[in-house]
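Raw run-v8.cif, mmCIF, C-alpha atoms:
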data_work
loop_
_atom_site.label_atom_id
_atom_site.label_comp_id
_atom_site.auth_asym_id
_atom_site.auth_seq_id
_atom_site.Cartn_x
_atom_site.Cartn_y
_atom_site.Cartn_z
CA MET A 1 0.00 0.00 0.00
CA THR A 2 1.40 3.35 -1.05
CA GLU A 3 1.23 6.14 1.50
CA LYS A 4 0.42 9.61 0.24
CA ILE A 5 3.71 11.21 -0.81
CA ASP A 6 4.27 14.67 0.63
CA ILE A 7 6.43 16.91 -1.55
CA LYS A 8 7.24 20.07 0.42
CA GLY A 9 10.05 21.51 -1.66
CA GLU A 10 12.70 20.96 -4.28
CA LYS A 11 14.62 18.53 -2.05
CA ASP A 12 11.74 16.03 -2.03
CA MET A 13 11.49 16.02 -5.82
CA PRO A 14 12.88 13.07 -7.78
CA ALA A 15 15.81 13.68 -10.15
CA MET A 16 13.53 13.38 -13.19
CA ALA A 17 9.83 13.19 -14.04
CA MET A 18 8.95 9.78 -12.64
CA SER A 19 6.35 8.15 -10.46
CA LEU A 20 7.24 7.33 -6.87
CA GLY A 21 4.23 5.27 -5.91
CA LEU A 22 0.98 3.64 -7.00
CA MET A 23 -2.48 5.18 -6.93
CA ASP A 24 -3.81 2.66 -4.38
CA TRP A 25 -4.08 5.38 -1.67
CA ASN A 26 -6.96 6.79 -3.71
CA LYS A 27 -9.99 4.91 -2.32
CA THR A 28 -12.42 5.38 -5.20
CA GLY A 29 -15.13 3.47 -3.30
CA SER A 30 -16.39 6.83 -2.04
CA TRP A 31 -17.62 7.62 -5.60
CA ARG A 32 -20.17 4.85 -5.44
CA ASN A 33 -23.90 5.39 -4.91
CA LEU A 34 -25.07 1.90 -5.94
CA ARG A 35 -23.42 -1.17 -4.44
CA PRO A 36 -23.16 -4.54 -6.25
CA VAL A 37 -23.55 -7.53 -3.90
CA ILE A 38 -22.69 -11.10 -4.93
CA ASP A 39 -25.09 -13.90 -3.94
CA TYR A 40 -22.65 -16.83 -3.51
CA GLU A 41 -25.46 -19.40 -3.64
CA LYS A 42 -26.37 -18.37 -7.19
CA CYS A 43 -22.75 -17.70 -8.25
CA THR A 44 -21.16 -20.38 -10.47
CA ARG A 45 -17.60 -18.94 -10.21
CA CYS A 46 -17.51 -18.25 -13.97
CA MET A 47 -15.46 -15.10 -13.19
CA ILE A 48 -17.17 -13.04 -15.90
CA CYS A 49 -17.56 -10.21 -13.35
CA TRP A 50 -13.81 -10.33 -12.66
CA LYS A 51 -13.12 -10.24 -16.38
CA PHE A 52 -15.21 -7.14 -17.08
CA CYS A 53 -14.35 -5.00 -14.02
CA PRO A 54 -12.84 -1.71 -15.30
CA ASP A 55 -11.45 -0.93 -11.85
CA ALA A 56 -9.80 -4.32 -11.37
CA CYS A 57 -11.45 -4.40 -7.94
CA ILE A 58 -13.05 -7.85 -8.13
CA LEU A 59 -10.41 -9.99 -6.47
CA ILE A 60 -9.98 -13.76 -6.67
CA ARG A 61 -9.97 -15.22 -3.15
CA ASP A 62 -10.07 -19.05 -2.80
CA GLU A 63 -11.36 -19.35 -6.38
CA GLU A 64 -14.26 -17.00 -5.61
CA PRO A 65 -14.90 -13.46 -6.83
CA VAL A 66 -14.78 -10.93 -3.98
CA ILE A 67 -15.64 -7.27 -4.56
CA ASP A 68 -13.19 -4.83 -2.98
CA TYR A 69 -15.54 -2.07 -1.82
CA ASP A 70 -12.58 0.23 -1.09
CA TYR A 71 -12.21 0.77 -4.83
CA CYS A 72 -15.55 -0.26 -6.45
CA LYS A 73 -16.94 2.83 -8.20
CA GLY A 74 -20.35 1.21 -8.64
CA CYS A 75 -20.47 1.14 -12.44
CA LEU A 76 -22.51 -2.11 -12.20
CA ILE A 77 -21.00 -3.72 -15.33
CA CYS A 78 -20.62 -6.87 -13.17
CA ALA A 79 -24.35 -6.93 -12.33
CA GLU A 80 -25.26 -6.31 -15.99
CA GLU A 81 -22.93 -9.01 -17.35
CA CYS A 82 -23.57 -11.74 -14.74
CA PRO A 83 -25.24 -14.60 -16.68
CA ARG A 84 -26.95 -15.96 -13.51
CA ASP A 85 -28.16 -12.59 -12.15
CA ALA A 86 -26.22 -13.41 -9.00
CA ILE A 87 -25.22 -9.79 -8.41
CA SER A 88 -27.88 -7.59 -6.88
CA VAL A 89 -27.79 -3.81 -6.60
CA VAL A 90 -28.20 -2.11 -3.23
CA LYS A 91 -28.50 1.64 -2.72
CA GLU A 92 -25.69 3.14 -0.62
CA GLU A 93 -26.77 5.09 2.43
CA MET B 1 -12.99 -21.81 -11.66
CA LYS B 2 -11.40 -21.35 -15.07
CA LEU B 3 -9.96 -18.04 -16.24
CA THR B 4 -10.09 -17.28 -19.96
CA ILE B 5 -7.56 -14.40 -19.82
CA PRO B 6 -4.26 -14.15 -17.85
CA GLU B 7 -4.66 -13.53 -14.11
CA GLN B 8 -1.70 -11.14 -13.81
CA GLU B 9 -2.96 -7.63 -12.94
CA LEU B 10 -0.69 -4.76 -14.01
CA MET B 11 -3.34 -2.05 -13.58
CA GLN B 12 -3.83 -0.83 -10.02
CA SER B 13 -7.25 -0.01 -8.58
CA GLY B 14 -7.60 3.62 -7.51
CA HIS B 15 -7.14 5.14 -10.96
CA LEU B 16 -9.11 8.22 -11.99
CA ALA B 17 -11.33 6.87 -14.79
CA CYS B 18 -15.08 7.53 -14.83
CA GLN B 19 -17.49 4.78 -13.78
CA GLY B 20 -17.76 2.09 -16.45
CA CYS B 21 -14.83 3.34 -18.55
CA GLY B 22 -14.06 1.27 -21.65
CA ALA B 23 -10.52 2.64 -22.01
CA THR B 24 -9.45 1.16 -18.64
CA LEU B 25 -10.80 -2.25 -19.69
CA ALA B 26 -8.75 -1.95 -22.90
CA MET B 27 -5.59 -1.12 -20.92
CA ARG B 28 -6.24 -3.97 -18.48
CA TYR B 29 -6.54 -6.57 -21.26
CA ALA B 30 -3.59 -5.16 -23.23
CA LEU B 31 -1.29 -5.32 -20.19
CA LYS B 32 -2.49 -8.84 -19.36
CA ALA B 33 -1.36 -9.86 -22.84
CA LEU B 34 1.86 -7.80 -22.91
CA GLY B 35 3.16 -8.67 -19.43
CA GLN B 36 5.65 -6.82 -17.25
CA ASN B 37 8.32 -6.34 -19.91
CA THR B 38 6.60 -3.37 -21.56
CA VAL B 39 7.20 0.38 -21.90
CA LEU B 40 4.29 2.68 -22.71
CA SER B 41 4.34 6.00 -24.51
CA ILE B 42 1.14 7.93 -23.75
CA PRO B 43 0.29 11.26 -25.40
CA ALA B 44 -2.40 13.63 -24.15
CA CYS B 45 -5.56 11.50 -23.96
CA CYS B 46 -7.91 10.17 -21.29
CA TRP B 47 -5.21 7.78 -20.10
CA SER B 48 -2.78 10.59 -19.25
CA VAL B 49 -5.38 11.66 -16.67
CA ILE B 50 -6.59 8.20 -15.61
CA ASP B 51 -3.04 7.21 -14.70
CA GLY B 52 -2.99 9.71 -11.82
CA PRO B 53 -1.17 12.94 -10.91
CA PHE B 54 2.57 13.26 -10.24
CA PRO B 55 4.22 11.50 -8.36
CA TYR B 56 1.80 8.58 -8.67
CA SER B 57 0.93 6.05 -11.34
CA SER B 58 -1.73 3.37 -11.56
CA LEU B 59 0.20 1.10 -13.92
CA LYS B 60 2.95 -1.26 -12.83
CA VAL B 61 4.94 -0.72 -16.06
CA PRO B 62 7.07 2.33 -17.02
CA ILE B 63 5.13 5.09 -18.78
CA PHE B 64 6.42 8.04 -20.74
CA HIS B 65 3.93 10.90 -20.95
CA THR B 66 4.55 12.74 -24.17
CA ALA B 67 3.08 15.55 -26.30
CA PHE B 68 -0.15 15.00 -28.21
CA GLU B 69 1.31 14.49 -31.71
CA THR B 70 4.33 12.40 -30.72
CA ALA B 71 3.13 9.04 -29.32
CA ALA B 72 4.54 7.04 -32.23
CA SER B 73 7.77 9.02 -32.64
CA ALA B 74 8.50 8.84 -28.88
CA ALA B 75 7.91 5.09 -29.04
CA SER B 76 10.22 4.82 -32.08
CA GLY B 77 12.92 6.69 -30.15
CA MET B 78 12.55 4.48 -27.08
CA GLU B 79 12.73 1.40 -29.28
CA ALA B 80 15.92 2.67 -30.93
CA GLY B 81 17.41 3.40 -27.49
CA LEU B 82 16.58 -0.06 -26.19
CA GLU B 83 18.07 -1.60 -29.32
CA MET B 84 21.32 0.33 -28.77
CA MET B 85 21.42 -1.03 -25.22
CA GLY B 86 21.05 -4.56 -26.57
CA ASP B 87 17.53 -5.03 -25.19
CA LYS B 88 15.50 -6.97 -27.73
CA ASP B 89 12.79 -8.33 -25.40
CA THR B 90 11.09 -5.17 -24.15
CA GLN B 91 8.01 -4.27 -26.18
CA VAL B 92 7.53 -0.54 -26.73
CA VAL B 93 3.86 0.38 -26.99
CA ALA B 94 2.37 3.69 -28.03
CA TRP B 95 -1.02 4.00 -26.34
CA ALA B 96 -3.19 6.80 -27.70
CA GLY B 97 -6.83 7.78 -27.92
CA ASP B 98 -8.68 8.40 -31.15
CA GLY B 99 -7.77 12.12 -31.21
CA GLY B 100 -4.08 11.35 -30.81
CA THR B 101 -4.30 8.74 -33.58
CA PHE B 102 -6.88 9.83 -36.15
CA ASP B 103 -6.20 13.58 -36.03
CA ILE B 104 -3.18 14.90 -34.18
CA GLY B 105 -0.85 11.90 -34.10
CA ILE B 106 -1.38 10.59 -37.63
CA GLN B 107 1.78 12.16 -39.06
CA ALA B 108 4.10 10.57 -36.46
CA LEU B 109 2.22 7.28 -36.74
CA SER B 110 2.47 7.27 -40.53
CA GLY B 111 6.22 7.92 -40.25
CA ALA B 112 6.74 5.07 -37.80
CA ALA B 113 4.66 2.74 -39.99
CA GLU B 114 6.59 3.71 -43.12
CA ARG B 115 9.94 3.07 -41.36
CA ASN B 116 8.42 -0.18 -40.04
CA ASP B 117 9.85 0.49 -36.56
CA ASN B 118 9.42 -2.42 -34.19
CA ILE B 119 6.69 -0.79 -32.08
CA MET B 120 3.09 -1.61 -31.26
CA TYR B 121 0.59 1.21 -31.62
CA ILE B 122 -2.68 0.72 -29.77
CA CYS B 123 -5.48 3.20 -30.33
CA TYR B 124 -8.40 3.04 -27.91
CA ASP B 125 -11.28 4.60 -29.75
CA ASN B 126 -14.03 6.34 -27.78
CA GLU B 127 -15.10 8.35 -30.81
CA ALA B 128 -14.47 11.93 -29.60
CA TYR B 129 -12.13 14.07 -27.46
CA MET B 130 -13.72 12.88 -24.21
CA ASN B 131 -11.13 14.11 -21.74
CA THR B 132 -11.43 17.79 -22.76
CA GLY B 133 -15.25 17.87 -22.93
CA ILE B 134 -16.60 15.66 -25.75
CA GLN B 135 -15.45 17.58 -28.84
CA ARG B 136 -15.84 15.82 -32.19
CA SER B 137 -12.82 14.05 -33.67
CA SER B 138 -12.47 12.40 -37.07
CA ALA B 139 -13.35 9.12 -35.30
CA THR B 140 -16.82 10.43 -34.38
CA PRO B 141 -19.47 8.54 -36.35
CA ARG B 142 -21.81 10.35 -38.73
CA LEU B 143 -24.89 12.08 -37.21
CA SER B 144 -23.48 11.79 -33.70
CA TRP B 145 -23.94 14.49 -31.10
CA THR B 146 -20.89 16.07 -29.44
CA THR B 147 -20.47 19.47 -27.76
CA THR B 148 -19.04 20.89 -31.02
CA THR B 149 -21.62 19.15 -33.24
CA PRO B 150 -24.88 19.98 -31.41
CA GLU B 151 -28.17 18.21 -32.10
CA ASN B 152 -29.37 20.67 -34.76
CA HIS B 153 -25.98 20.41 -36.52
CA PRO B 154 -24.81 16.81 -35.96
CA LYS B 155 -21.58 15.57 -37.57
CA GLU B 156 -22.05 15.34 -41.34
CA THR B 157 -19.01 13.31 -42.37
CA PRO B 158 -18.45 9.59 -41.70
CA LYS B 159 -15.81 8.10 -39.40
CA LYS B 160 -12.30 7.98 -40.84
CA ASP B 161 -11.21 4.50 -41.94
CA MET B 162 -8.03 4.44 -39.83
CA VAL B 163 -7.57 0.68 -40.17
CA GLY B 164 -7.66 1.07 -43.97
CA ILE B 165 -5.07 3.86 -43.78
CA MET B 166 -2.77 1.70 -41.66
CA ALA B 167 -3.27 -1.30 -43.96
CA ALA B 168 -2.27 0.92 -46.89
CA HIS B 169 1.15 1.30 -45.21
CA ARG B 170 1.56 -2.48 -45.72
CA ILE B 171 2.69 -3.01 -42.13
CA PRO B 172 2.89 -6.65 -40.95
CA TYR B 173 -0.11 -6.62 -38.63
CA VAL B 174 -3.26 -4.53 -38.23
CA ALA B 175 -6.21 -5.66 -36.09
CA THR B 176 -9.43 -4.37 -34.56
CA CYS B 177 -10.48 -5.41 -31.03
CA SER B 178 -13.40 -4.76 -28.75
CA VAL B 179 -13.50 -4.58 -24.95
CA ALA B 180 -16.48 -6.96 -25.04
CA TYR B 181 -14.25 -9.71 -26.50
CA PRO B 182 -11.30 -9.87 -24.05
CA GLU B 183 -10.09 -13.33 -25.16
CA ASP B 184 -9.95 -12.14 -28.77
CA MET B 185 -8.12 -8.96 -27.70
CA VAL B 186 -5.53 -10.81 -25.57
CA LYS B 187 -4.91 -13.20 -28.46
CA LYS B 188 -4.41 -10.35 -30.94
CA VAL B 189 -2.10 -8.34 -28.68
CA LYS B 190 0.01 -11.47 -28.06
CA LYS B 191 0.12 -12.13 -31.80
CA ALA B 192 1.21 -8.52 -32.40
CA LYS B 193 3.92 -8.87 -29.74
CA ASP B 194 5.34 -11.90 -31.57
CA THR B 195 5.36 -10.03 -34.90
CA GLN B 196 8.48 -8.10 -35.92
CA GLY B 197 7.84 -4.61 -37.29
CA CYS B 198 5.13 -1.97 -36.84
CA LYS B 199 1.81 -3.23 -35.46
CA PHE B 200 -1.43 -1.28 -35.23
CA ILE B 201 -4.33 -2.31 -33.02
CA HIS B 202 -7.63 -0.43 -32.97
CA VAL B 203 -9.66 -1.05 -29.80
CA PHE B 204 -13.31 -0.08 -29.54
CA ALA B 205 -13.76 1.39 -26.05
CA PRO B 206 -17.19 2.86 -25.17
CA CYS B 207 -17.26 6.04 -23.08
CA PRO B 208 -20.44 6.29 -20.95
CA THR B 209 -19.75 9.94 -20.12
CA GLY B 210 -19.37 11.10 -23.72
CA TRP B 211 -21.87 8.75 -25.30
CA ARG B 212 -24.51 9.73 -22.75
CA SER B 213 -25.14 6.07 -21.93
CA ALA B 214 -25.50 4.26 -18.60
CA PRO B 215 -22.12 3.10 -17.16
CA GLU B 216 -23.30 -0.52 -16.82
CA THR B 217 -23.97 -0.73 -20.59
CA CYS B 218 -20.29 -0.19 -21.51
CA VAL B 219 -19.52 -3.84 -22.33
CA LYS B 220 -23.02 -4.39 -23.72
CA LEU B 221 -22.55 -1.49 -26.19
CA ALA B 222 -19.15 -2.80 -27.29
CA ARG B 223 -20.72 -6.21 -27.89
CA LEU B 224 -23.70 -4.72 -29.75
CA ALA B 225 -21.32 -2.73 -31.97
CA VAL B 226 -19.83 -6.05 -33.15
CA GLN B 227 -23.19 -7.85 -33.40
CA THR B 228 -24.76 -5.02 -35.41
CA LYS B 229 -21.66 -4.91 -37.70
CA VAL B 230 -21.00 -1.26 -36.73
CA PHE B 231 -17.50 -2.24 -35.58
CA PRO B 232 -16.38 -5.53 -37.18
CA LEU B 233 -13.51 -7.53 -35.66
CA TYR B 234 -10.87 -8.41 -38.24
CA GLU B 235 -7.15 -8.71 -38.85
CA ILE B 236 -5.02 -7.62 -41.83
CA PHE B 237 -1.68 -9.31 -42.47
CA ASN B 238 0.93 -7.38 -44.50
CA GLY B 239 -1.76 -4.90 -45.51
CA VAL B 240 -3.52 -7.27 -47.93
CA ASP B 241 -4.58 -10.54 -46.24
CA TYR B 242 -7.91 -9.87 -44.50
CA LYS B 243 -9.37 -12.21 -41.90
CA ILE B 244 -12.75 -11.53 -40.30
CA ASN B 245 -12.80 -12.92 -36.73
CA VAL B 246 -16.45 -12.51 -35.79
CA LYS B 247 -19.17 -12.98 -38.38
CA PRO B 248 -22.51 -12.48 -36.62
CA ALA B 249 -24.83 -15.31 -37.74
CA LYS B 250 -27.92 -13.21 -37.08
CA PRO B 251 -26.83 -9.55 -37.22
CA LYS B 252 -28.89 -7.26 -35.01
CA PRO B 253 -30.37 -4.03 -36.40
CA VAL B 254 -28.36 -0.88 -35.60
CA THR B 255 -31.40 0.51 -33.76
CA GLU B 256 -30.51 -1.72 -30.79
CA TYR B 257 -27.04 -0.15 -30.61
CA VAL B 258 -28.19 3.41 -31.29
CA LYS B 259 -31.13 3.57 -28.88
CA LEU B 260 -28.93 2.93 -25.82
CA GLN B 261 -26.95 6.10 -26.42
CA GLY B 262 -27.97 9.67 -25.67
CA ARG B 263 -25.64 11.00 -28.37
CA PHE B 264 -27.99 9.51 -31.00
CA ARG B 265 -31.20 10.61 -29.24
CA HIS B 266 -32.07 13.21 -31.91
CA LEU B 267 -32.03 10.69 -34.80
CA THR B 268 -35.18 10.16 -36.83
CA GLU B 269 -36.16 6.75 -38.22
CA ALA B 270 -34.95 7.86 -41.66
CA ASP B 271 -31.54 8.70 -40.15
CA ILE B 272 -31.30 5.27 -38.52
CA LYS B 273 -32.24 3.61 -41.83
CA GLN B 274 -29.48 5.56 -43.51
CA ILE B 275 -26.98 4.44 -40.85
CA GLN B 276 -28.13 0.84 -41.37
CA ARG B 277 -27.55 1.14 -45.14
CA THR B 278 -24.02 2.54 -44.61
CA VAL B 279 -23.19 -0.21 -42.09
CA ASP B 280 -24.45 -2.93 -44.48
CA TRP B 281 -22.49 -1.40 -47.36
CA GLU B 282 -19.30 -1.27 -45.30
CA TRP B 283 -19.79 -4.89 -44.20
CA GLU B 284 -20.30 -6.07 -47.79
CA ARG B 285 -17.14 -4.22 -48.77
CA LEU B 286 -15.20 -5.92 -45.92
CA LEU B 287 -16.53 -9.33 -47.00
CA LYS B 288 -15.31 -8.62 -50.54
CA MET B 289 -11.87 -7.65 -49.22
CA ALA B 290 -11.69 -10.87 -47.19
CA GLU B 291 -12.82 -13.00 -50.14
CA GLY B 292 -10.07 -15.38 -51.19
CA CYS B 293 -7.80 -14.19 -48.36
CA GLU B 294 -9.09 -16.76 -45.89
CA GLU B 295 -8.35 -19.52 -48.38
CA THR B 296 -4.73 -18.45 -48.55
CA GLU B 297 -4.65 -18.36 -44.74
CA GLU B 298 -6.02 -21.92 -44.63
CA LYS B 299 -3.60 -23.04 -47.32
CA LYS B 300 -0.74 -21.60 -45.27
CA GLY B 301 -1.98 -23.57 -42.26
CA LYS B 302 -2.21 -26.74 -44.31
CA LYS B 303 1.29 -26.24 -45.65
CA LYS B 304 2.59 -25.81 -42.12
CA LYS B 305 0.88 -29.02 -41.00
CA LYS B 306 2.51 -30.98 -43.84
#
Take the structure in the file and give it back as structure tokens.
Amino acid sequence: MTEKIDIKGEKDMPAMAMSLGLMDWNKTGSWRNLRPVIDYEKCTRCMICWKFCPDACILIRDEEPVIDYDYCKGCLICAEECPRDAISVVKEE
Amino acid sequence: MKLTIPEQELMQSGHLACQGCGATLAMRYALKALGQNTVLSIPACCWSVIDGPFPYSSLKVPIFHTAFETAASAASGMEAGLEMMGDKDTQVVAWAGDGGTFDIGIQALSGAAERNDNIMYICYDNEAYMNTGIQRSSATPRLSWTTTTPENHPKETPKKDMVGIMAAHRIPYVATCSVAYPEDMVKKVKKAKDTQGCKFIHVFAPCPTGWRSAPETCVKLARLAVQTKVFPLYEIFNGVDYKINVKPAKPKPVTEYVKLQGRFRHLTEADIKQIQRTVDWEWERLLKMAEGCEETEEKKGKKKKK
């Protein structure tokens, strides 16, 4: 996990234009107003949701798809593409 | 559980793309196919924003942010530098949007294609300048709404045939991909990586923000574009050998594709009929181009088997 990098002055700058860390500090989950929820009883582990996630936030844990709500922006492509309708949509409070 | 595309993830969550962005899907699949040993050259386009502000990046491969018109020439330079250092394995990829390919970057791209530099050029096509506020580009389809072609004056000219232009350079490999067909895309990018010389890949990447469509329909729209023959999937070898990858058995009418998008909301039935005629004409033309080519492809395969 990258911490936010604090550049106060010239001394903290790298020698050339380059990246010093990944964007994973940016928890895009706060953008979401609709939440996809996987029903594991209906799910056949086809991983189509994993395949079509534009935020790469459906993780594979023990051969199961798990949505990382820290980053899920709530685009609902997973719910739309699920062939078994195993992903329901819940309104965020 | 069986995965149809590589599991390796070189795109980090936390990037700045809009909800349901097709361009991020394109990048994800391309990097899955290319692997870690890749250098990207990105001009001004959505991806120069999506990647994140200095000093961060959301890709786990080196990226060189360059000026709008220079994606291909920067990639050519990097390739020459790597060659001087004796590195023959690293694949240099120019990754540009439709504006940076069809309009502003075409001169540098044409130069790189003519020199047949060993680079891969991937254009993700969202059919307008989305990142600056949905201005029309030469990739915008006819009769489409954008902020510079308002509803009472929609775009009058058709989309530029970029794949045809690249094929006319007689480069070894040209292909079209869609984010709705990831297996096909991974296969094509891998094939391009194994080909020596200049490679051009045109990826269809819907933009929910600019197309005024719901974010969840991103993949559905990309799939409909192939099924309605609006965006056919095909490959061109050495600029002459055409191979159509997806031939829809029962093509859907373009209405299904058009009605999901707000940018086509102003179209009358006559307009849609006209679009359908153009799409059918283009498809017939593509079939004619591919006629005889597939036989030679098969013959080549048979020869190899012997």
Next item on the list: Find the distance between atom CA of B:Leu25 and atom CA of A:Pro36 and write it in Å to one decimal.
Entry: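 Between atom CA of B:Leu25 and atom CA of A:Pro36 the gap works out to 18.4 Å.
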Hey, what comes out of the PyMOL selection byres ((chain A) within 10 of (chain B)) on this file? Could you write it as a PyMOL selection string?
-> chain A and resi 2+4-7+13-14+17-29+31-32+44-48+50-58+60+62-65+68+70-81
query = Counting all atoms listed in the file, what is within 8 Å of stretch 96-106 of chain B, bar same-chain residues fewer than 4 positions away, as a PyMOL selection string?
reply = chain B and resi 42-47+68-72+110+121-129+137-139+160+162
Output C-alpha atoms of each residue in that selection to a file, as an mmCIF file, in the frame of the given file.
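again36.cif written:
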data_model
loop_
_atom_site.group_PDB
_atom_site.id
_atom_site.type_symbol
_atom_site.label_atom_id
_atom_site.label_comp_id
_atom_site.auth_asym_id
_atom_site.auth_seq_id
_atom_site.Cartn_x
_atom_site.Cartn_y
_atom_site.Cartn_z
ATOM 1 C CA ILE B 42 1.140 7.930 -23.750
ATOM 2 C CA PRO B 43 0.290 11.260 -25.400
ATOM 3 C CA ALA B 44 -2.400 13.630 -24.150
ATOM 4 C CA CYS B 45 -5.560 11.500 -23.960
ATOM 5 C CA CYS B 46 -7.910 10.170 -21.290
ATOM 6 C CA TRP B 47 -5.210 7.780 -20.100
ATOM 7 C CA PHE B 68 -0.150 15.000 -28.210
ATOM 8 C CA GLU B 69 1.310 14.490 -31.710
ATOM 9 C CA THR B 70 4.330 12.400 -30.720
ATOM 10 C CA ALA B 71 3.130 9.040 -29.320
ATOM 11 C CA ALA B 72 4.540 7.040 -32.230
ATOM 12 C CA SER B 110 2.470 7.270 -40.530
ATOM 13 C CA TYR B 121 0.590 1.210 -31.620
ATOM 14 C CA ILE B 122 -2.680 0.720 -29.770
ATOM 15 C CA CYS B 123 -5.480 3.200 -30.330
ATOM 16 C CA TYR B 124 -8.400 3.040 -27.910
ATOM 17 C CA ASP B 125 -11.280 4.600 -29.750
ATOM 18 C CA ASN B 126 -14.030 6.340 -27.780
ATOM 19 C CA GLU B 127 -15.100 8.350 -30.810
ATOM 20 C CA ALA B 128 -14.470 11.930 -29.600
ATOM 21 C CA TYR B 129 -12.130 14.070 -27.460
ATOM 22 C CA SER B 137 -12.820 14.050 -33.670
ATOM 23 C CA SER B 138 -12.470 12.400 -37.070
ATOM 24 C CA ALA B 139 -13.350 9.120 -35.300
ATOM 25 C CA LYS B 160 -12.300 7.980 -40.840
ATOM 26 C CA MET B 162 -8.030 4.440 -39.830
#
If you measure from atom CA of B:Arg263 to atom CA of B:Lys250, what distance in Å do you get, rounded to one decimal?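 Going from atom CA of B:Arg263 over to atom CA of B:Lys250, I get 25.8 Å.
Once the PyMOL selection byres ((chain B and resi 251-257) around 7) is applied to this file, the selection holds Leu221, Leu224, Ala225, Gln227, Thr228, Lys229, Pro248, Ala249, Lys250, Val258, Lys259, Leu260, Ile272 and Gln276 of chain B.
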Exercise. Please indicate the distance in Å from atom CA of A:Ile38 to atom CA of A:Lys91, rounded to one decimal place.
Key: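 Atom CA of A:Lys91 lies 14.2 Å from atom CA of A:Ile38.
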*Name every residue that the PyMOL selection byres ((chain B and resi 264) around 9) selects in this structure, writing the answer as a list in words with chains first and numbers rising.*
Leu143, Ser144, Trp145, Glu151, Trp211, Arg212, Val258, Lys259, Leu260, Gln261, Gly262, Arg263, Arg265, His266 and Leu267 of chain B
Dump of C-alpha atoms for the selected residues, as a JSON list (two decimals), in the frame of the given file:
[["chain", "number", "residue", "atom", "x", "y", "z"],
["B", 143, "LEU", "CA", -24.89, 12.08, -37.21],
["B", 144, "SER", "CA", -23.48, 11.79, -33.70],
["B", 145, "TRP", "CA", -23.94, 14.49, -31.10],
["B", 151, "GLU", "CA", -28.17, 18.21, -32.10],
["B", 211, "TRP", "CA", -21.87, 8.75, -25.30],
["B", 212, "ARG", "CA", -24.51, 9.73, -22.75],
["B", 258, "VAL", "CA", -28.19, 3.41, -31.29],
["B", 259, "LYS", "CA", -31.13, 3.57, -28.88],
["B", 260, "LEU", "CA", -28.93, 2.93, -25.82],
["B", 261, "GLN", "CA", -26.95, 6.10, -26.42],
["B", 262, "GLY", "CA", -27.97, 9.67, -25.67],
["B", 263, "ARG", "CA", -25.64, 11.00, -28.37],
["B", 265, "ARG", "CA", -31.20, 10.61, -29.24],
["B", 266, "HIS", "CA", -32.07, 13.21, -31.91],
["B", 267, "LEU", "CA", -32.03, 10.69, -34.80]]
Practice prompt. List the residues sitting within 10 Å of (-28.2, -15.3, -11.0) in the file's frame, using all atoms listed in the file, as a PyMOL selection string.
Written response: chain A and resi 38-44+79+82-88
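Remark: for B:Gln196, the closest of the candidate residues B:Thr147, B:Asn152, B:Asn118, B:Thr132 is B:Asn118 (distances computed over all atoms listed in the file).
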*Counting all atoms listed in the file, which residues come within 6 Å of (0.4, -5.6, -38.0), with the point read in the file's coordinates, and could you list them as a PyMOL selection string?*
chain B and resi 171-174+199-200
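If only C-alpha atoms are the atoms counted, then among B:Ala168, B:Cys207, B:Met289, B:Ala30 the closest residue to B:Asn131 is B:Cys207.
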Problem set entry | Close residues, B:Gly77 itself excluded, 12 Å, all atoms listed in the file, min 5 positions apart in chain, as a PyMOL selection string | chain B and resi 39+41+64+66+70-72+82-84+92-94+108+112+117-119
Save out the residues we just selected, C-alpha atoms, as a compact mmCIF listing (two decimals), in the frame of the given file.
# COMPACT_ATOMS: atom_id res chain seq x y z
CA VAL B 39 7.20 0.38 -21.90
CA SER B 41 4.34 6.00 -24.51
CA PHE B 64 6.42 8.04 -20.74
CA THR B 66 4.55 12.74 -24.17
CA THR B 70 4.33 12.40 -30.72
CA ALA B 71 3.13 9.04 -29.32
CA ALA B 72 4.54 7.04 -32.23
CA LEU B 82 16.58 -0.06 -26.19
CA GLU B 83 18.07 -1.60 -29.32
CA MET B 84 21.32 0.33 -28.77
CA VAL B 92 7.53 -0.54 -26.73
CA VAL B 93 3.86 0.38 -26.99
CA ALA B 94 2.37 3.69 -28.03
CA ALA B 108 4.10 10.57 -36.46
CA ALA B 112 6.74 5.07 -37.80
CA ASP B 117 9.85 0.49 -36.56
CA ASN B 118 9.42 -2.42 -34.19
CA ILE B 119 6.69 -0.79 -32.08
